[in-house]
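Next comes structure10.csv, a file with CSV, C-alpha atoms.
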```csv
chain,number,residue,atom,x,y,z
Q,5,MET,CA,-21.7,29.6,0.1
Q,6,SER,CA,-21.1,26.2,-1.4
Q,7,ASN,CA,-23.3,23.3,-0.5
Q,8,ALA,CA,-20.2,21.7,0.9
Q,9,PHE,CA,-20.5,23.8,4.0
Q,10,ASP,CA,-24.2,22.9,4.3
Q,11,LEU,CA,-23.7,19.2,4.1
Q,12,ASP,CA,-25.5,17.0,6.6
Q,13,PHE,CA,-22.4,16.8,8.7
Q,14,ASN,CA,-24.0,14.7,11.5
Q,15,VAL,CA,-21.0,14.5,13.6
Q,16,LEU,CA,-21.3,18.2,14.4
Q,17,ARG,CA,-24.2,17.5,16.7
Q,18,TYR,CA,-21.7,16.3,19.3
Q,19,ALA,CA,-19.7,19.5,19.4
Q,20,PRO,CA,-20.0,21.6,22.6
Q,21,PRO,CA,-22.0,24.8,22.1
Q,22,HIS,CA,-19.0,27.0,22.8
Q,23,TRP,CA,-17.1,25.5,19.8
Q,24,GLU,CA,-17.1,27.7,16.7
Q,25,ARG,CA,-18.0,26.4,13.3
Q,26,ARG,CA,-16.1,28.4,10.6
Q,27,PRO,CA,-15.5,27.8,6.9
Q,28,LEU,CA,-11.9,26.9,6.1
Q,29,TRP,CA,-11.4,30.0,4.0
Q,30,THR,CA,-11.3,32.1,7.1
Q,31,LEU,CA,-8.5,30.0,8.6
Q,32,VAL,CA,-6.2,28.9,5.8
Q,33,ARG,CA,-4.5,30.7,3.0
Q,34,ARG,CA,-2.7,29.2,0.0
Q,35,ARG,CA,1.0,30.1,-0.2
Q,36,ASP,CA,3.1,29.5,-3.3
Q,37,ILE,CA,6.7,30.0,-2.5
Q,38,THR,CA,9.1,28.4,-5.0
Q,39,GLY,CA,12.7,28.6,-6.0
Q,40,ARG,CA,14.1,26.5,-3.0
Q,41,PRO,CA,15.6,23.5,-4.9
Q,42,GLU,CA,18.2,22.9,-2.2
Q,43,ALA,CA,15.5,22.3,0.5
Q,44,GLU,CA,14.6,18.8,1.7
Q,45,LEU,CA,12.1,16.8,-0.3
Q,46,LEU,CA,8.9,16.0,1.6
Q,47,SER,CA,6.0,13.7,0.7
Q,48,VAL,CA,2.4,13.4,2.0
Q,49,TYR,CA,1.0,10.0,3.1
Q,50,ARG,CA,-2.4,8.9,4.2
Q,51,ASP,CA,-1.0,7.0,7.1
Q,52,HIS,CA,1.9,9.3,8.1
Q,53,GLY,CA,1.0,12.9,7.0
Q,54,VAL,CA,3.9,15.0,5.9
Q,55,VAL,CA,7.3,13.3,6.2
Q,56,PRO,CA,10.8,13.5,4.6
Q,57,ARG,CA,10.8,11.7,1.3
Q,58,LYS,CA,14.0,9.9,2.2
Q,59,SER,CA,12.4,8.3,5.3
Q,60,ARG,CA,10.0,6.2,3.1
Q,61,GLU,CA,11.4,3.3,1.1
Q,62,ASP,CA,8.0,2.7,-0.6
Q,63,ASN,CA,8.0,6.0,-2.5
Q,64,PHE,CA,8.7,5.0,-6.1
Q,65,ASN,CA,7.6,8.3,-7.7
Q,66,LYS,CA,10.7,10.1,-9.1
Q,67,PRO,CA,11.0,13.8,-8.4
Q,68,SER,CA,11.6,16.2,-11.3
Q,69,GLU,CA,15.2,16.9,-12.2
Q,70,ASP,CA,14.4,20.7,-11.8
Q,71,LEU,CA,13.0,21.4,-8.3
Q,72,THR,CA,12.7,25.1,-8.7
Q,73,ALA,CA,8.9,24.9,-9.2
Q,74,TYR,CA,8.5,22.8,-6.0
Q,75,ARG,CA,6.5,24.5,-3.3
Q,76,TYR,CA,8.2,25.6,-0.1
Q,77,VAL,CA,6.8,24.2,3.2
Q,78,ARG,CA,7.4,25.6,6.7
Q,79,PRO,CA,6.8,23.8,10.0
Q,80,GLY,CA,3.1,24.4,10.8
Q,81,ASP,CA,2.0,24.6,7.2
Q,82,LEU,CA,-1.0,22.5,6.0
Q,83,VAL,CA,-0.1,20.4,2.9
Q,84,LEU,CA,-2.6,18.6,0.7
Q,85,ASN,CA,-2.1,16.1,-2.1
Q,86,LYS,CA,-5.0,17.3,-4.1
Q,87,MET,CA,-5.3,14.0,-6.1
Q,88,LYS,CA,-5.4,12.0,-2.9
Q,89,THR,CA,-7.0,14.2,-0.3
Q,90,TRP,CA,-10.1,12.1,-0.6
Q,91,GLN,CA,-8.0,9.2,0.8
Q,92,GLY,CA,-6.6,11.3,3.7
Q,93,SER,CA,-3.3,12.4,2.1
Q,94,LEU,CA,-2.9,15.7,3.9
Q,95,GLY,CA,-1.4,16.9,7.1
Q,96,VAL,CA,0.3,19.7,9.0
Q,97,SER,CA,4.0,19.6,8.5
Q,98,ARG,CA,6.6,19.4,11.3
Q,99,HIS,CA,9.3,19.7,8.7
Q,100,GLU,CA,10.8,22.4,6.5
Q,101,GLY,CA,11.2,21.4,2.9
Q,102,ILE,CA,9.6,21.4,-0.6
Q,103,VAL,CA,6.8,19.4,-2.1
Q,104,SER,CA,5.5,18.7,-5.6
Q,105,PRO,CA,3.8,21.5,-7.5
Q,106,ALA,CA,0.8,19.2,-7.6
Q,107,TYR,CA,0.3,19.8,-3.8
Q,108,PHE,CA,-1.4,22.7,-2.1
Q,109,VAL,CA,0.5,24.4,0.7
Q,110,CYS,CA,-1.4,26.5,3.1
Q,111,GLU,CA,-0.6,28.9,5.9
Q,112,MET,CA,-2.9,28.6,8.9
Q,113,SER,CA,-4.5,31.3,11.0
Q,114,PRO,CA,-3.1,31.9,14.6
Q,115,ASP,CA,-6.5,30.9,15.8
Q,116,VAL,CA,-5.7,27.3,14.8
Q,117,ASP,CA,-3.4,25.0,16.8
Q,118,ALA,CA,-1.3,23.1,14.3
Q,119,GLY,CA,-1.6,19.8,16.2
Q,120,TYR,CA,-5.4,20.0,16.5
Q,121,ALA,CA,-5.8,20.9,12.8
Q,122,HIS,CA,-3.6,17.9,11.9
Q,123,HIS,CA,-5.9,15.5,13.7
Q,124,LEU,CA,-9.1,17.2,12.8
Q,125,LEU,CA,-8.5,17.5,9.1
Q,126,ARG,CA,-7.3,13.9,8.8
Q,127,SER,CA,-10.3,12.4,10.7
Q,128,GLU,CA,-12.9,10.2,9.1
Q,129,PRO,CA,-15.7,12.8,9.0
Q,130,TYR,CA,-13.4,15.1,7.1
Q,131,ILE,CA,-12.2,12.5,4.7
Q,132,HIS,CA,-15.9,11.9,3.9
Q,133,LEU,CA,-16.3,15.6,3.1
Q,134,TYR,CA,-13.3,15.5,0.8
Q,135,ARG,CA,-14.8,12.6,-1.1
Q,136,THR,CA,-18.0,14.5,-1.5
Q,137,ALA,CA,-16.2,17.7,-2.7
Q,138,SER,CA,-13.7,16.0,-5.0
Q,139,LYS,CA,-14.3,15.9,-8.8
Q,140,GLY,CA,-13.5,13.3,-11.3
Q,141,ILE,CA,-14.7,10.3,-13.4
Q,142,ARG,CA,-13.2,7.6,-11.2
Q,143,PRO,CA,-11.8,7.5,-7.7
Q,144,ASN,CA,-8.1,7.3,-8.6
Q,145,GLN,CA,-8.6,10.4,-10.8
Q,146,TRP,CA,-10.5,12.4,-8.3
Q,147,ASP,CA,-9.2,16.0,-7.7
Q,148,LEU,CA,-10.1,18.3,-4.8
Q,149,PRO,CA,-10.3,21.8,-6.1
Q,150,PHE,CA,-9.0,24.3,-3.6
Q,151,ASP,CA,-12.1,26.5,-3.9
Q,152,GLU,CA,-14.1,23.5,-2.7
Q,153,PHE,CA,-11.7,22.7,0.1
Q,154,ARG,CA,-11.7,26.2,1.5
Q,155,LYS,CA,-15.5,26.2,1.8
Q,156,LEU,CA,-15.7,23.2,4.1
Q,157,PRO,CA,-16.7,23.6,7.7
Q,158,MET,CA,-14.1,23.5,10.5
Q,159,LEU,CA,-14.9,22.9,14.2
Q,160,LEU,CA,-12.9,25.3,16.3
Q,161,PRO,CA,-12.7,25.0,20.1
Q,162,PRO,CA,-11.0,27.7,22.1
Q,163,ARG,CA,-7.2,27.8,21.4
Q,164,ASP,CA,-6.2,26.3,24.8
Q,165,GLU,CA,-8.8,23.5,24.3
Q,166,GLN,CA,-7.4,22.8,20.9
Q,167,ARG,CA,-3.9,22.3,22.4
Q,168,ARG,CA,-5.3,19.9,25.1
Q,169,ILE,CA,-7.0,17.8,22.4
Q,170,ALA,CA,-3.8,17.7,20.3
Q,171,ASP,CA,-1.6,16.7,23.3
Q,172,PHE,CA,-4.1,14.0,24.3
Q,173,LEU,CA,-4.2,12.5,20.8
Q,174,ASP,CA,-0.5,12.7,20.3
Q,175,HIS,CA,0.0,10.7,23.6
Q,176,GLU,CA,-2.8,8.2,22.9
Q,177,THR,CA,-1.9,7.6,19.2
Q,178,ALA,CA,1.8,7.2,20.1
Q,179,LYS,CA,0.8,4.2,22.3
Q,180,LEU,CA,-1.2,2.7,19.4
Q,181,THR,CA,1.7,3.3,17.1
Q,182,ARG,CA,4.0,1.4,19.4
Q,183,ILE,CA,1.6,-1.6,19.3
Q,184,GLU,CA,1.6,-1.4,15.5
Q,185,LEU,CA,5.4,-1.3,15.4
Q,186,ASP,CA,5.7,-4.3,17.7
Q,187,SER,CA,3.2,-6.1,15.5
Q,188,LEU,CA,5.1,-5.3,12.3
Q,189,ARG,CA,8.3,-6.5,14.0
Q,190,LEU,CA,6.7,-9.8,14.8
Q,191,THR,CA,5.5,-10.0,11.3
Q,192,GLY,CA,9.0,-9.5,10.1
Q,193,LEU,CA,10.2,-12.3,12.3
Q,194,LEU,CA,7.5,-14.6,11.0
Q,195,GLU,CA,8.6,-13.8,7.4
Q,196,GLU,CA,12.1,-14.7,8.3
Q,197,ARG,CA,10.9,-18.0,9.9
Q,198,GLN,CA,8.9,-18.8,6.7
Q,199,SER,CA,12.0,-18.1,4.6
Q,200,ALA,CA,14.1,-20.4,6.8
Q,201,LEU,CA,11.5,-23.2,6.5
Q,202,ALA,CA,11.6,-22.9,2.7
Q,203,ALA,CA,15.4,-22.9,2.7
Q,204,HIS,CA,15.4,-26.1,4.8
Q,205,CYS,CA,13.0,-27.8,2.4
Q,206,PHE,CA,15.4,-27.3,-0.5
Q,207,THR,CA,18.7,-28.1,1.4
Q,208,PHE,CA,20.2,-31.5,0.7
Q,209,ALA,CA,22.9,-33.1,2.9
Q,210,ARG,CA,24.5,-35.0,0.0
Q,211,PRO,CA,24.8,-34.1,-3.7
Q,212,ASP,CA,23.2,-37.4,-4.7
Q,213,ASP,CA,20.0,-36.7,-2.6
Q,214,ALA,CA,18.6,-34.7,-5.5
Q,215,HIS,CA,19.5,-34.3,-9.2
Q,216,SER,CA,19.0,-31.0,-11.0
Q,217,LEU,CA,17.3,-30.1,-14.3
Q,218,PRO,CA,17.0,-26.7,-16.0
Q,219,LEU,CA,13.6,-25.0,-15.7
Q,220,ARG,CA,12.9,-25.6,-19.4
Q,221,ARG,CA,13.0,-29.4,-18.7
Q,222,VAL,CA,10.4,-29.3,-15.9
Q,223,VAL,CA,7.9,-26.9,-17.5
Q,224,GLN,CA,5.4,-28.3,-19.9
Q,225,ARG,CA,4.1,-24.9,-21.2
Q,226,TRP,CA,5.4,-21.4,-21.1
Q,227,ILE,CA,2.9,-18.6,-21.6
Q,228,ASP,CA,4.6,-15.2,-21.8
Q,229,TYR,CA,2.5,-12.1,-21.2
Q,230,ARG,CA,5.4,-9.7,-20.8
Q,231,GLY,CA,5.0,-6.4,-22.6
Q,232,ALA,CA,1.3,-7.0,-23.2
Q,233,THR,CA,-1.1,-4.2,-22.3
Q,234,PRO,CA,-4.8,-4.6,-23.0
Q,235,SER,CA,-7.5,-2.0,-23.2
Q,236,LYS,CA,-8.9,-1.6,-19.7
Q,237,THR,CA,-12.5,-1.2,-18.6
Q,238,GLU,CA,-14.4,-0.2,-15.4
Q,239,SER,CA,-15.5,-3.8,-14.7
Q,240,GLY,CA,-15.2,-7.2,-16.2
Q,241,VAL,CA,-12.5,-9.8,-15.8
Q,242,PRO,CA,-9.8,-8.9,-13.2
Q,243,LEU,CA,-6.4,-8.1,-14.8
Q,244,VAL,CA,-3.3,-9.4,-13.0
Q,245,THR,CA,0.0,-7.7,-13.6
Q,246,ALA,CA,3.3,-7.9,-11.8
Q,247,LYS,CA,2.1,-5.5,-9.1
Q,248,ASN,CA,-0.8,-7.9,-8.2
Q,249,ILE,CA,1.6,-10.8,-7.4
Q,250,ARG,CA,3.1,-10.6,-3.9
Q,251,ASP,CA,3.9,-12.8,-0.9
Q,252,GLY,CA,3.1,-16.0,-2.8
Q,253,ARG,CA,-0.4,-15.1,-3.9
Q,254,ILE,CA,-2.5,-13.0,-6.3
Q,255,ASP,CA,-3.6,-9.8,-4.5
Q,256,LEU,CA,-6.3,-8.2,-6.6
Q,257,ASP,CA,-6.6,-5.3,-4.0
Q,258,ALA,CA,-3.1,-4.1,-4.9
Q,259,SER,CA,-4.4,-2.8,-8.2
Q,260,ARG,CA,-8.0,-3.2,-9.4
Q,261,GLU,CA,-8.0,-3.2,-13.2
Q,262,TYR,CA,-10.2,-5.1,-15.6
Q,263,ILE,CA,-10.7,-6.0,-19.2
Q,264,ALA,CA,-14.1,-6.5,-20.9
Q,265,THR,CA,-15.6,-9.9,-20.5
Q,266,ASP,CA,-16.3,-10.3,-24.2
Q,267,ALA,CA,-12.6,-9.5,-24.9
Q,268,TYR,CA,-11.2,-12.1,-22.5
Q,269,THR,CA,-10.9,-15.1,-24.9
Q,270,ASP,CA,-9.3,-13.0,-27.6
Q,271,TRP,CA,-6.9,-11.4,-25.1
Q,272,MET,CA,-5.8,-14.7,-23.6
Q,273,ARG,CA,-5.0,-16.2,-27.0
Q,274,ARG,CA,-1.4,-16.8,-25.9
Q,275,GLY,CA,-2.8,-19.4,-23.6
Q,276,LEU,CA,-5.7,-19.9,-21.1
Q,277,LEU,CA,-4.8,-20.6,-17.5
Q,278,LYS,CA,-5.2,-23.8,-15.6
Q,279,MET,CA,-5.5,-24.5,-11.9
Q,280,LYS,CA,-2.0,-24.7,-10.2
Q,281,ASP,CA,-0.2,-22.9,-13.0
Q,282,VAL,CA,2.7,-21.0,-11.5
Q,283,LEU,CA,2.9,-17.2,-12.2
Q,284,LEU,CA,6.3,-15.5,-12.0
Q,285,THR,CA,7.1,-11.8,-12.3
Q,286,THR,CA,10.2,-11.2,-14.5
Q,287,GLU,CA,10.9,-7.5,-13.5
Q,288,ALA,CA,9.7,-4.6,-11.4
Q,289,PRO,CA,9.7,-6.7,-9.2
Q,290,LEU,CA,11.6,-9.7,-10.2
Q,291,GLY,CA,10.8,-13.1,-8.6
Q,292,GLN,CA,7.4,-12.7,-7.1
Q,293,VAL,CA,5.5,-16.0,-7.4
Q,294,ALA,CA,1.9,-17.1,-7.1
Q,295,MET,CA,-0.2,-20.2,-7.9
Q,296,VAL,CA,-3.4,-20.0,-9.9
Q,297,ASN,CA,-6.5,-21.0,-7.8
Q,298,ASP,CA,-9.0,-19.1,-10.0
Q,299,THR,CA,-8.7,-19.2,-13.7
Q,300,THR,CA,-11.1,-16.3,-14.3
Q,301,ILE,CA,-8.3,-13.7,-14.5
Q,302,ALA,CA,-6.5,-12.1,-17.3
Q,303,LEU,CA,-2.7,-11.5,-17.4
Q,304,ALA,CA,-0.5,-8.7,-18.7
Q,305,GLN,CA,2.8,-6.9,-18.2
Q,306,ARG,CA,5.9,-8.7,-16.8
Q,307,VAL,CA,4.2,-12.0,-16.0
Q,308,ILE,CA,5.1,-15.5,-17.2
Q,309,VAL,CA,3.0,-18.6,-16.7
Q,310,LEU,CA,4.9,-21.8,-15.9
Q,311,ARG,CA,2.9,-25.0,-16.3
Q,312,ALA,CA,4.8,-27.8,-14.6
Q,313,ASP,CA,5.4,-31.1,-16.3
Q,314,GLN,CA,3.9,-33.2,-13.5
Q,315,VAL,CA,5.8,-36.3,-14.6
Q,316,THR,CA,9.0,-34.6,-13.7
Q,317,CYS,CA,8.0,-31.9,-11.1
Q,318,SER,CA,4.8,-31.1,-9.2
Q,319,PRO,CA,3.5,-27.5,-9.4
Q,320,GLU,CA,3.8,-27.2,-5.6
Q,321,TRP,CA,7.5,-28.1,-5.7
Q,322,LEU,CA,8.1,-25.6,-8.5
Q,323,TYR,CA,6.1,-22.9,-6.7
Q,324,TRP,CA,7.9,-23.3,-3.4
Q,325,TYR,CA,11.4,-23.6,-4.9
Q,326,LEU,CA,11.0,-20.4,-6.8
Q,327,ARG,CA,9.9,-18.7,-3.6
Q,328,SER,CA,12.7,-20.2,-1.5
Q,329,PRO,CA,16.0,-18.3,-0.8
Q,330,GLN,CA,17.8,-20.7,-3.1
Q,331,GLY,CA,15.4,-20.1,-6.0
Q,332,GLN,CA,15.4,-16.4,-5.5
Q,333,ALA,CA,19.2,-16.4,-5.5
Q,334,GLU,CA,19.2,-18.3,-8.8
Q,335,LEU,CA,16.9,-15.8,-10.4
Q,336,GLU,CA,19.0,-12.8,-9.2
Q,337,LEU,CA,22.2,-14.5,-10.4
Q,338,ARG,CA,20.8,-14.4,-14.0
Q,339,ALA,CA,19.2,-11.0,-13.8
Q,340,THR,CA,20.3,-7.8,-15.4
Q,341,GLY,CA,19.7,-4.2,-14.8
Q,342,SER,CA,21.0,-1.4,-12.6
Q,343,THR,CA,17.9,0.3,-11.2
Q,344,ALA,CA,15.4,-2.5,-11.6
Q,345,LEU,CA,16.4,-6.2,-12.0
Q,346,GLY,CA,14.9,-8.2,-14.8
Q,347,ILE,CA,15.5,-11.6,-16.3
Q,348,LYS,CA,15.4,-12.6,-19.9
Q,349,ALA,CA,13.5,-15.6,-21.0
Q,350,ASP,CA,16.5,-17.6,-22.3
Q,351,ARG,CA,18.3,-17.1,-18.9
Q,352,LEU,CA,15.2,-17.9,-17.0
Q,353,ARG,CA,14.9,-21.3,-18.8
Q,354,GLY,CA,18.3,-22.2,-17.5
Q,355,VAL,CA,17.5,-21.8,-13.7
Q,356,PRO,CA,18.4,-25.2,-12.1
Q,357,ILE,CA,15.6,-27.0,-10.2
Q,358,PRO,CA,16.7,-29.6,-7.6
Q,359,LEU,CA,14.6,-32.8,-7.8
Q,360,PRO,CA,14.7,-35.4,-5.1
Q,361,SER,CA,12.7,-38.6,-5.5
Q,362,PRO,CA,8.9,-38.1,-5.8
Q,363,ARG,CA,8.3,-39.6,-2.4
Q,364,GLU,CA,11.0,-37.4,-0.8
Q,365,ALA,CA,9.5,-34.3,-2.5
Q,366,VAL,CA,6.0,-35.1,-1.1
Q,367,ARG,CA,7.4,-35.7,2.4
Q,368,ARG,CA,9.4,-32.4,2.4
Q,369,LEU,CA,6.4,-30.4,0.9
Q,370,SER,CA,4.1,-31.9,3.5
Q,371,ARG,CA,6.3,-30.8,6.4
Q,372,LEU,CA,6.8,-27.3,4.8
Q,373,SER,CA,3.1,-26.8,4.3
Q,374,GLU,CA,2.2,-27.7,7.9
Q,375,SER,CA,4.9,-25.4,9.3
Q,376,VAL,CA,4.0,-22.5,6.9
Q,377,ALA,CA,0.2,-22.9,7.8
Q,378,GLU,CA,1.1,-22.3,11.4
Q,379,VAL,CA,3.2,-19.2,10.5
Q,380,GLU,CA,0.4,-17.8,8.3
Q,381,THR,CA,-2.2,-18.3,11.1
Q,382,LEU,CA,0.0,-16.1,13.3
Q,383,GLN,CA,0.4,-13.6,10.5
Q,384,ARG,CA,-3.3,-13.3,10.0
Q,385,GLN,CA,-3.8,-12.7,13.7
Q,386,LEU,CA,-1.3,-9.9,13.6
Q,387,VAL,CA,-3.0,-8.4,10.5
Q,388,LYS,CA,-6.3,-8.5,12.4
Q,389,GLN,CA,-4.6,-6.9,15.4
Q,390,ARG,CA,-3.3,-4.0,13.3
Q,391,ALA,CA,-6.8,-3.5,11.7
Q,392,LEU,CA,-8.3,-3.2,15.2
Q,393,VAL,CA,-5.6,-0.7,16.3
Q,394,ALA,CA,-6.3,1.4,13.2
Q,395,GLU,CA,-10.0,1.3,13.9
Q,396,ARG,CA,-9.4,2.3,17.5
Q,397,ARG,CA,-7.2,5.2,16.3
Q,398,ARG,CA,-9.8,6.5,13.8
Q,399,ALA,CA,-12.6,6.3,16.5
Q,400,LEU,CA,-10.5,8.0,19.1
Q,401,ILE,CA,-9.5,10.9,16.9
Q,402,THR,CA,-13.0,11.4,15.6
Q,403,ALA,CA,-14.5,11.4,19.1
Q,404,ALA,CA,-11.8,13.8,20.4
Q,405,VAL,CA,-11.9,16.4,17.6
Q,406,THR,CA,-15.7,16.6,17.5
Q,407,GLY,CA,-16.2,17.0,21.2
Q,408,GLN,CA,-17.8,13.6,21.9
Q,409,PHE,CA,-15.9,13.5,25.2
Q,410,ASP,CA,-13.8,15.8,27.3
Q,411,VAL,CA,-10.1,14.9,26.8
Q,412,ALA,CA,-9.2,16.4,30.2
Q,413,THR,CA,-11.5,13.9,31.9
Q,414,ALA,CA,-10.3,11.0,29.6
Q,415,ALA,CA,-6.6,11.7,30.2
Q,416,ALA,CA,-7.2,11.6,34.0
Q,417,THR,CA,-8.8,8.1,33.9
```
What would the structure in this file look like if it were written as structure tokens?
Amino acid sequence: MSNAFDLDFNVLRYAPPHWERRPLWTLVRRRDITGRPEAELLSVYRDHGVVPRKSREDNFNKPSEDLTAYRYVRPGDLVLNKMKTWQGSLGVSRHEGIVSPAYFVCEMSPDVDAGYAHHLLRSEPYIHLYRTASKGIRPNQWDLPFDEFRKLPMLLPPRDEQRRIADFLDHETAKLTRIELDSLRLTGLLEERQSALAAHCFTFARPDDAHSLPLRRVVQRWIDYRGATPSKTESGVPLVTAKNIRDGRIDLDASREYIATDAYTDWMRRGLLKMKDVLLTTEAPLGQVAMVNDTTIALAQRVIVLRADQVTCSPEWLYWYLRSPQGQAELELRATGSTALGIKADRLRGVPIPLPSPREAVRRLSRLSESVAEVETLQRQLVKQRALVAERRRALITAAVTGQFDVATAAAT
């Protein structure tokens, strides 16, 4: 038997003596049924398990035109994304449909309650096991071989106890999900509030309250990194592409890529960054904006640097205008494309920038910054709340599926 089954799985020490410990190969069996192209497309998510593909707006992977090789899934089947199982991308399906041929589909033994298996196999201790058993050079290329997965240990209480654990966790996690949804709703309202504040900043009662100049007249330097793709390394200088620019800032966690430190100067020969340079994404997505507050980054792919001519326009004014509803509308007005909007450089240069007097611009930006700071404080509190809820969910599931407490007693309190 593989060492995977003999891992120091410390959490097993909490399991009651009457719970079995069995290798997964005795409880799951791969099933490869294909030829159902008319069935509903399903996807597997770390946070949601197996769900209909159409229910997720953030799924940008395009399915194959020919779905005959896609694997058929029945309710109660265990589905694994073998490339992302180490992240927790697996679950027991409640839906009938088909999934990518890159996924594993498994039929489970009658000895296993589907709801219990769903929670157990997505719990933190098991995700740790998947990471240990996965193969690959780097995390985003790890692959969990099915032969390794099937050798992992499974805690198996009596069938009726499995059902009680599943019912308890379904009930408790549903309450946590409601808290998360309320938090996300409030976050959406705060985003609308921030958008309204920015719109107000760039609204003028009379036409002569501000004159307008095309973007090319308020930018001192354009540095265009569209279409540029450097050689990437495991470490070095962080590489910022369009996917790293979101919500007004540079988010390095969105995609961690690097170029070699000794290649940085040569790569950035189009122009080195300065503090307060404004970054703008020109497609996929169009119109995301950020301001540089750390120049030790490299740029590539669909990003333009706008260095404001501060005699005419402050970097802060340019940054906030391009983020405002008015600025976003001007970008979209000049964009082209059917599936993904993009803007060409010559059309971007013509975007009109409203310019009140310098004193009025400072006054408006000061008021906007104060109001936005209050909104962002509330947003950070909501993010912290959701992190605590997620931590609570992980701890609750782990404790329940490993026998750290009796769910019947916990449900009664």
With a distance cut-off of 8 Å and all atoms listed in the file, select the neighbouring residues of segment 234-238 of chain Q, excluding the residue or stretch itself and same-chain residues fewer than 5 positions from it, and output the selection as a VMD selection string.
chain Q and resid 261 to 264 271 304
Pull the neighbourhood of (10.2, 23.6, -9.3) for me: all residues within 10 Å in file coordinates, counting all atoms listed in the file, as a PDB file with C-alpha atoms, in the frame of the given file.
```pdb
ATOM      1  CA  ILE Q  37       6.700  30.000  -2.500  1.00  0.00           C
ATOM      2  CA  THR Q  38       9.100  28.400  -5.000  1.00  0.00           C
ATOM      3  CA  GLY Q  39      12.700  28.600  -6.000  1.00  0.00           C
ATOM      4  CA  ARG Q  40      14.100  26.500  -3.000  1.00  0.00           C
ATOM      5  CA  PRO Q  41      15.600  23.500  -4.900  1.00  0.00           C
ATOM      6  CA  PRO Q  67      11.000  13.800  -8.400  1.00  0.00           C
ATOM      7  CA  SER Q  68      11.600  16.200 -11.300  1.00  0.00           C
ATOM      8  CA  GLU Q  69      15.200  16.900 -12.200  1.00  0.00           C
ATOM      9  CA  ASP Q  70      14.400  20.700 -11.800  1.00  0.00           C
ATOM     10  CA  LEU Q  71      13.000  21.400  -8.300  1.00  0.00           C
ATOM     11  CA  THR Q  72      12.700  25.100  -8.700  1.00  0.00           C
ATOM     12  CA  ALA Q  73       8.900  24.900  -9.200  1.00  0.00           C
ATOM     13  CA  TYR Q  74       8.500  22.800  -6.000  1.00  0.00           C
ATOM     14  CA  ARG Q  75       6.500  24.500  -3.300  1.00  0.00           C
ATOM     15  CA  TYR Q  76       8.200  25.600  -0.100  1.00  0.00           C
ATOM     16  CA  ILE Q 102       9.600  21.400  -0.600  1.00  0.00           C
ATOM     17  CA  VAL Q 103       6.800  19.400  -2.100  1.00  0.00           C
ATOM     18  CA  SER Q 104       5.500  18.700  -5.600  1.00  0.00           C
ATOM     19  CA  PRO Q 105       3.800  21.500  -7.500  1.00  0.00           C
TER      20      PRO Q 105
END
```
Separation of atom CA of Leu277 of chain Q from atom CA of Val241 of chain Q in Å:
13.4 Å
Contacts of Ala200 of chain Q at 12 Å or less, counting all atoms listed in the file, minus same-chain residues fewer than 4 places along, as an MDAnalysis selection string?
chainID Q and resid 193:196 204:207 327:330 372 375:376 379
With distances taken over all atoms listed in the file, which of Q:Ala333, Q:Ala294, Q:Val244, Q:Leu45 is nearest to Glu320 of chain Q?
Q:Ala294
Pro319 of chain Q: which residues within 7 Å, counting all atoms listed in the file, same-chain residues fewer than 5 positions away excluded, as a PDB file with C-alpha atoms, in the frame of the given file?
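Okay, part.pdb is ready:
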```
ATOM      1  CA  LYS Q 280      -2.000 -24.700 -10.200  1.00  0.00           C
ATOM      2  CA  ASP Q 281      -0.200 -22.900 -13.000  1.00  0.00           C
ATOM      3  CA  VAL Q 282       2.700 -21.000 -11.500  1.00  0.00           C
ATOM      4  CA  ALA Q 312       4.800 -27.800 -14.600  1.00  0.00           C
TER       5      ALA Q 312
END
```
Mind giving me the straight-line distance from atom CA of Val83 of chain Q to atom CA of Arg397 of chain Q in Å, one decimal?
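Calculated distance between atom CA of Val83 of chain Q and atom CA of Arg397 of chain Q is 21.5 Å.
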Which residue, Q:Ala399, Q:Ala394, Q:Ala121, Q:Ala106, has the smallest gap to Leu180 of chain Q when you use all atoms listed in the file?
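Of all the options, Q:Ala394 lies closest to Leu180 of chain Q.
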Non-local contacts of Gln383 of chain Q (12 Å; only C-alpha atoms; under 5 positions in same chain excluded) as number ranges by chain
Q: 187-198, 251, 376-378, 388-390
Of Q:Asp51, Q:Ile169, Q:Val293, Q:Arg363, the one nearest to Gln332 of chain Q when counting all atoms listed in the file is Q:Val293
Which distance in Å separates atom CA of Glu374 of chain Q and atom CA of Leu322 of chain Q, to one decimal?
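Answer for the atom CA of Glu374 of chain Q to atom CA of Leu322 of chain Q separation: 17.6 Å.
Nearest to Pro149 of chain Q of all the residues Q:Cys317, Q:Leu31, Q:Leu386, Q:Leu84 is Q:Leu84, based on all atoms listed in the file.
Counting all atoms listed in the file, the residue from Q:Leu400, Q:Ile131, Q:Leu82, Q:Met272 that sits nearest to Ile227 of chain Q is Q:Met272.
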Residue nearest Ser199 of chain Q - candidates Q:Leu283, Q:Ala137, Q:Val116, Q:Gly252, atoms counted: only C-alpha atoms
Q:Gly252
Skipping near chain neighbours, those fewer than 5 positions away, what residues fall within 12 Å of Ile347 of chain Q using all atoms listed in the file, listed as a list of chain:residue names?
Q:Arg230, Q:Leu284, Q:Thr285, Q:Thr286, Q:Glu287, Q:Ala288, Q:Pro289, Q:Leu290, Q:Gly291, Q:Arg306, Q:Val307, Q:Ile308, Q:Gln332, Q:Glu334, Q:Leu335, Q:Glu336, Q:Leu337, Q:Arg338, Q:Ala339, Q:Thr340, Q:Gly341, Q:Leu352, Q:Arg353, Q:Gly354, Q:Val355
